[in-house]
Amino acid sequence: MGKEPKPRTAAGYNADVTLACERTLLTLLSAFGSLKDTLRLVGGLVPRYLTPETPPEVPMHAGTSDVDIVLNLEILAAGNEYASLAKQLNARRFERWVENGQPTSWRWRRKVDEHVEVVVEFLRDAGDEPPGKAVSVSGESVSALTIKHAKIVHDWYQEKHVGAPLLDGAGVSVDVVRFADVPAFVILKAIALDQRQENKDAADLIHVVRYSGSLQHVAKLFVDRIRTGQHQEAVKEGMTALARRFGDDEFGEGFEKVGPVAYARFHGSEDEDELIGAQRYAAGLIQKLLVEIDAQLAAIS
C-alpha cells in the first residue's frame, strides 16, 4: 500500500492524531535504549515544542500525522545497543511500511487504535549520497532515507521534557525530546518547500517564524547560528530558497510566489481577498526576516 499524500489544508489535521504522534514518539524512544539522545525530531511535530500553544497569542499548530526522526548513522553503526533495533521496534508493534508489495526499512507504521495509524520515517544526512536514497544501518533491517543537510539538527537543536501515555497502556512516560531549533527547522522546511512545494511545508515554516518571538529575536537566532561558522552550505541553500519562494524578483512579486500561495491555500479560505491578504502577509514576513538577518550581520561585521 502506498503512503497517502499529506492533507492539502489545515482541515485535514486533527489534534488527537498529533497527540497519537507524540505518544508514538515516546514509545519509539524506548526502542533505542541508551543512545536515544542521538535522535533528532524534525518535521510537523516540531512546532508543538518550538511554539507551544498559548492562546490567544500563540494558536494551536495544525499538527501532523507523521513522526520524522533523523538518525546519526555513524553512532548507530558503532553502538552495540542497536544489534536488535528491528526486534525492539517489532516488540513495540511497529511494522515496516509496505510500498508496492515491498516492505520498506526506513518507513514504519504503528497502529494506535482502530481509527489512527502513525507513520514513522527514519532520515539521515545525504552527505555524498543522492537525496532520496535508503541507506541501511549496519547489520540492521532498518534504514534511513537520505535528506540534504539533515545533519544540521545534530548540532542545532533544542530539548524538552515531554510526558504522555505510552501506547498499549504501558503507563505515562516522561522523556527528553531533542528537536530541530528555529534556524534548523526553517532552513530544512525552506529546502523542502523549494523541492516539493507542499502547502504544509509553507504553513509550518510561517507558523514557526511568526510565533517564535519578535522578528528581531528570530533573526538573532539565525545570526547566532550563522556566526558559529557551522553548516554554511545549508544556511546558504536555506536562505536562497526563502528568497526564491517568498521574495520579489524579476519573475514576480513575493506574494505571487509558491510559498505564500501554498501558505494561504493550506489555511483553506475560499475568499479571494482573504487569500491575497494571507499571501501578502507570508511574503512580507519572510522578506522582513531576511532583511533583519542581513542588518544584524552587517551591524556586527
# chains A, B, ... in the order shown; residues from 1 in each chain; ligands from 1

call {"tool": "closest_atom_pairs", "arguments": {"of": "region 118-227 of chain A", "to": "region 266-270 of chain A", "cutoff": "7 Å", "atoms": "only C-alpha atoms", "output": "CSV"}}
result
residue,atom,partner,partner_atom,distance
A:Asn199,CA,A:Phe266,CA,5.4
A:Lys200,CA,A:Phe266,CA,6.5
A:Ala203,CA,A:Phe266,CA,6.6

call {"tool": "write_last_selection", "arguments": {"atoms": "C-alpha atoms", "output": "compact mmCIF listing (two decimals), in the first residue's frame"}}
result
# COMPACT_ATOMS: atom_id res chain seq x y z
CA ASN A 199 1.24 23.52 1.30
CA LYS A 200 2.11 22.05 4.71
CA ALA A 203 2.42 26.65 6.65

call {"tool": "residues_around", "arguments": {"residues": "Ala283 (chain A)", "least_positions_apart": "4", "cutoff": "10 Å", "atoms": "only C-alpha atoms", "output": "mmCIF file with C-alpha atoms, in the first residue's frame"}}
result
data_model
loop_
_atom_site.group_PDB
_atom_site.id
_atom_site.type_symbol
_atom_site.label_atom_id
_atom_site.label_comp_id
_atom_site.auth_asym_id
_atom_site.auth_seq_id
_atom_site.Cartn_x
_atom_site.Cartn_y
_atom_site.Cartn_z
ATOM 1 C CA ILE A 206 5.423 30.564 8.564
ATOM 2 C CA LEU A 242 13.392 31.521 1.227
ATOM 3 C CA ALA A 243 14.223 34.387 -1.135
ATOM 4 C CA ARG A 245 9.943 31.139 -2.846
ATOM 5 C CA PHE A 246 8.830 34.296 -0.956
ATOM 6 C CA GLY A 247 10.752 37.243 -2.395
ATOM 7 C CA ASP A 248 10.239 39.865 -5.064
ATOM 8 C CA GLU A 253 6.141 39.905 -6.608
ATOM 9 C CA GLY A 254 6.752 37.837 -3.495
ATOM 10 C CA PHE A 255 3.084 37.344 -2.654
ATOM 11 C CA GLU A 256 2.603 35.650 -6.020
ATOM 12 C CA LYS A 257 5.300 33.072 -5.352
ATOM 13 C CA VAL A 258 4.889 29.418 -4.428
ATOM 14 C CA GLY A 259 5.483 29.895 -0.690
ATOM 15 C CA PRO A 260 2.798 32.497 0.072
ATOM 16 C CA VAL A 261 0.266 30.780 -2.206
ATOM 17 C CA TYR A 263 0.573 29.036 2.941
ATOM 18 C CA ALA A 278 -2.610 35.773 3.654
ATOM 19 C CA GLN A 279 -0.215 35.632 0.707
ATOM 20 C CA GLN A 287 11.149 39.273 3.334
ATOM 21 C CA LYS A 288 11.399 41.266 6.583
ATOM 22 C CA LEU A 289 13.135 38.351 8.295
#

call {"tool": "closest_residue", "arguments": {"among": "A:Thr51, A:Asn14, A:Ser30, A:Gln195", "to": "Val208 (chain A)", "atoms": "only C-alpha atoms"}}
result
A:Thr51

call {"tool": "closest_atom_pairs", "arguments": {"of": "region 82-164 of chain A", "to": "region 222-233 of chain A", "cutoff": "12 Å", "atoms": "only C-alpha atoms", "output": "JSON lines"}}
result
{"residue": "A:Gly127", "atom": "CA", "partner": "A:Glu233", "partner_atom": "CA", "distance": 11.8}
{"residue": "A:Lys148", "atom": "CA", "partner": "A:Glu233", "partner_atom": "CA", "distance": 10.4}
{"residue": "A:His149", "atom": "CA", "partner": "A:His231", "partner_atom": "CA", "distance": 8.0}
{"residue": "A:Ala150", "atom": "CA", "partner": "A:His231", "partner_atom": "CA", "distance": 10.2}
{"residue": "A:Lys151", "atom": "CA", "partner": "A:His231", "partner_atom": "CA", "distance": 8.6}
{"residue": "A:Ile152", "atom": "CA", "partner": "A:His231", "partner_atom": "CA", "distance": 6.4}
{"residue": "A:Val153", "atom": "CA", "partner": "A:His231", "partner_atom": "CA", "distance": 10.0}
{"residue": "A:His154", "atom": "CA", "partner": "A:His231", "partner_atom": "CA", "distance": 10.8}
{"residue": "A:Asp155", "atom": "CA", "partner": "A:Gln230", "partner_atom": "CA", "distance": 8.6}
{"residue": "A:Trp156", "atom": "CA", "partner": "A:Arg225", "partner_atom": "CA", "distance": 7.9}
{"residue": "A:Tyr157", "atom": "CA", "partner": "A:Arg225", "partner_atom": "CA", "distance": 10.8}

call {"tool": "atom_distance", "arguments": {"atom1": "CA of Ala144 (chain A)", "atom2": "CA of Leu26 (chain A)"}}
result
19.1 Å

call {"tool": "atom_distance", "arguments": {"atom1": "CA of Glu117 (chain A)", "atom2": "CA of Thr38 (chain A)"}}
result
25.2 Å

call {"tool": "residues_around", "arguments": {"residues": "Ala31 (chain A)", "least_positions_apart": "4", "cutoff": "8 Å", "atoms": "only C-alpha atoms", "output": "count of residues only"}}
result
5

call {"tool": "select_by_dssp", "arguments": {"residues": "region 110-250 of chain A", "states": "helix (DSSP H, G or I)", "output": "PyMOL selection string"}}
result
chain A and resi 152-155+167-169+182-196+199-211+215-226+232-246

call {"tool": "atom_distance", "arguments": {"atom1": "CA of Ala134 (chain A)", "atom2": "CA of Arg107 (chain A)"}}
result
9.8 Å

call {"tool": "residues_around", "arguments": {"residues": "Pro59 (chain A)", "least_positions_apart": "5", "cutoff": "12 Å", "atoms": "only C-alpha atoms", "output": "list in words"}}
result
Pro47, Arg48, Thr51, Pro52, Glu53, Thr54, His207, Val208, Arg210, Tyr211 and Ser212 of chain A

call {"tool": "select_by_dssp", "arguments": {"residues": "region 92-229 of chain A", "states": "strand (DSSP E)", "output": "MDAnalysis selection string"}}
result
chainID A and resid 95:99 102:111 117:125 134:136 143:147 157:165 172:180
